[in-house]
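**Q** This is the structure I have questions about; it appears just below.
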Amino acid sequence: MASPTHHRPAPVETDSGVFAKVAAVLLGILVAVLGFFALMMWADARQSRDAATPASTPSEHDHNTALPLNSFAGVVPENAVELAAAHKPSDATLPPLAAGELVKVHMTLKDMTVEIAPGVKYNTWAFDGHGAPGPVVHVREGQTVEMTLTNGGAIPHSIDFHAARIAPNKAFRDVAPGESFSFRFKASDPGVFMYHCGTKPVLAHIANGMYGAIVVQPKEGLPAVDNEYVLVASEWYLNGDGIKEPASLDMAKARSGSPDWTTFNGYANQYVNHPLTANPGETTRFYVVAAGPTLDTNFHVVGTIFDRAWANADMTSPPQLGVQTVIVPAGGGGVFDVKIDDEGLYPFVSHAFAHVDLGQVGLLKVGNPKGTMSH
């Protein structure tokens, strides 16, 4: 006799089971919806990015550009070579010493557009109305400087002399637009010093071109030389390429210390196209100020060694002898002598070569050499 077949009773679906199935279906639908919206957002972002990217994004092989390409570094017009040749370079020659016991200096601040590289314009706040840097002040130890500042700009400004021993809240105070202010200080410390606008935010005021150099000669003087040049190193941070319309300050780049251009005396590479000069056997003196606002200048002359170097603008101590490169810190200065016997082209640079790539380079032309430089 066959054994009976046993059938398990069908499970009874409880309310909790029904709820789980419904929840799983709803969860699947939700995941699908979220995936669809994520896909749509990705497509929109990519379309926006592609629209914002110029069709002719410069490549690293474009002869009109220099890295890095995440800024406007090195971007110049097609006729940059002609513009560079036509540019009138800033006169780097040290001006004569001021006469008299009281030296009166008057600067008028102006908002003005200047060229900082071939075809590249920038909206500066300028000392003495001629762009960056401001005029070189040249005095002797012991003279009294009377500084008068007239604000012809649109916002408050001030002037801070690193060569002065004076209460900043009294002498370096803000001057309102349309007003003038005077103060005096005794140039008691020999050296090459920076001056700059000290109005908050100081980073923005210096980055916009408000800086210059004051040279205070020691009473007994320095060893005689044949040529004397003043170089003020600085950085430019642009919110555009400055070609179709003038650029202004990009504060985010300034805060990160990522400049588009670095220069000597306000204009990229100007002393490459228009070299400073010396004759064979002459000694040339460089007064160097690193205006920053942030980066140091590692001063070096290619093909020679400094015969004398007064680091940190200290002209009271004996100079360093036979040194290759000297750091000039942001806000600092140094004095450097080189005697060059052989005719040739001698580049002067910041040996932080990223700065050279961005324009902080020039040539000392000794004699009448032929050829060009690779630096």
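By convention here, the chains of the structure tokens are called A, B, ... in the order presented, each chain's residues are numbered starting at 1, and ligands are numbered starting at 1 in the order presented.
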Report the residues of region 95-216 of chain A whose backbone DSSP state falls under strand (DSSP E or B), written as a ChimeraX atom specification.
**A** /A:102-117,120-126,137-140,144-151,157,160-161,175,180-186,191-196,211-216
**Q** Taking 5 positions as the minimum chain separation for residues in the same chain, which residues sit within 10 Å of Gly142 (chain A) when counting only C-alpha atoms? Answer as an MDAnalysis selection string.
**A** chainID A and resid 101:102 185:190 216:219
**Q** Please produce an output containing C-alpha atoms for each residue in the selection, written as a compact mmCIF listing (two decimals), in the first residue's frame.
**A**
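Below is the file that was written, out.txt:
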# COMPACT_ATOMS: atom_id res chain seq x y z
CA GLU A 101 69.83 118.26 5.28
CA LEU A 102 66.07 118.11 4.60
CA PHE A 185 61.82 110.75 9.70
CA LYS A 186 65.59 110.70 9.98
CA ALA A 187 67.34 108.25 7.65
CA SER A 188 69.54 106.89 10.40
CA ASP A 189 70.12 103.37 9.02
CA PRO A 190 72.04 102.83 5.79
CA VAL A 216 70.15 105.20 2.26
CA GLN A 217 73.89 105.53 1.61
CA PRO A 218 76.22 105.19 4.61
CA LYS A 219 77.97 108.42 5.63
**Q** Select from region 257-315 of chain A every residue with an atom at most 6 Å from any atom of region 231-246 of chain A, then for each give the shortest pair of atoms and their distance in Å to one decimal, using only C-alpha atoms, rows by chain and rising number, as a tab-separated table.
**A**
residue	atom	partner	partner_atom	distance
A:Pro259	CA	A:Tyr237	CA	4.8
A:Asp260	CA	A:Tyr237	CA	5.4
A:Trp261	CA	A:Trp236	CA	5.2
A:Thr262	CA	A:Glu235	CA	4.4
A:Thr263	CA	A:Ser234	CA	5.5
A:Phe264	CA	A:Ala233	CA	4.6
A:Asn265	CA	A:Val232	CA	5.0
A:Val288	CA	A:Leu231	CA	4.8
A:Val289	CA	A:Val232	CA	4.8
A:Ala290	CA	A:Ala233	CA	4.8
A:Ala291	CA	A:Ser234	CA	5.2
A:Gly292	CA	A:Ser234	CA	4.8
**Q** Applying 6 Å and only C-alpha atoms, which residues near Gly367 (chain A) remain after dropping the ones on its own chain fewer than 6 positions away? List them as a list in words.
**A**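 Final neighbour list, sorted by chain and number: Asn279, Pro280 and Glu343 of chain A.
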**Q** With N, CA and C atoms retained, write the just-selected residues as a tab-separated table (two decimals), in the first residue's frame.
**A**
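So the final result, stored in selection_6.tsv, reads:
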chain	number	residue	atom	x	y	z
A	279	ASN	N	80.77	97.95	-19.20
A	279	ASN	CA	81.94	97.68	-20.04
A	279	ASN	C	82.80	96.60	-19.38
A	280	PRO	N	83.55	95.84	-20.18
A	280	PRO	CA	84.44	94.83	-19.59
A	280	PRO	C	85.39	95.46	-18.58
A	343	GLU	N	83.58	90.15	-22.09
A	343	GLU	CA	82.41	90.59	-22.82
A	343	GLU	C	81.39	89.46	-22.90
**Q** Excluding region 271-275 of chain A and its own-chain neighbours fewer than 2 positions away, which residues fall within 8 Å of it when counting only C-alpha atoms? Please give them as a list of chain:residue names.
**A** A:Ala84, A:Ala85, A:Pro89, A:Asn269, A:Thr277, A:Val361, A:Gly362, A:Leu363, A:Leu364, A:Lys365
**Q** What are the closest atom pairs, with distances in Å to one decimal, for each residue of region 175-214 of chain A lying within 6 Å of region 133-140 of chain A, using only C-alpha atoms, rows by chain and rising residue number, as CSV?
**A**
residue,atom,partner,partner_atom,distance
A:Tyr211,CA,A:Pro133,CA,5.5
A:Gly212,CA,A:Gly134,CA,4.7
A:Ala213,CA,A:Val136,CA,5.2
A:Ile214,CA,A:Val137,CA,4.5
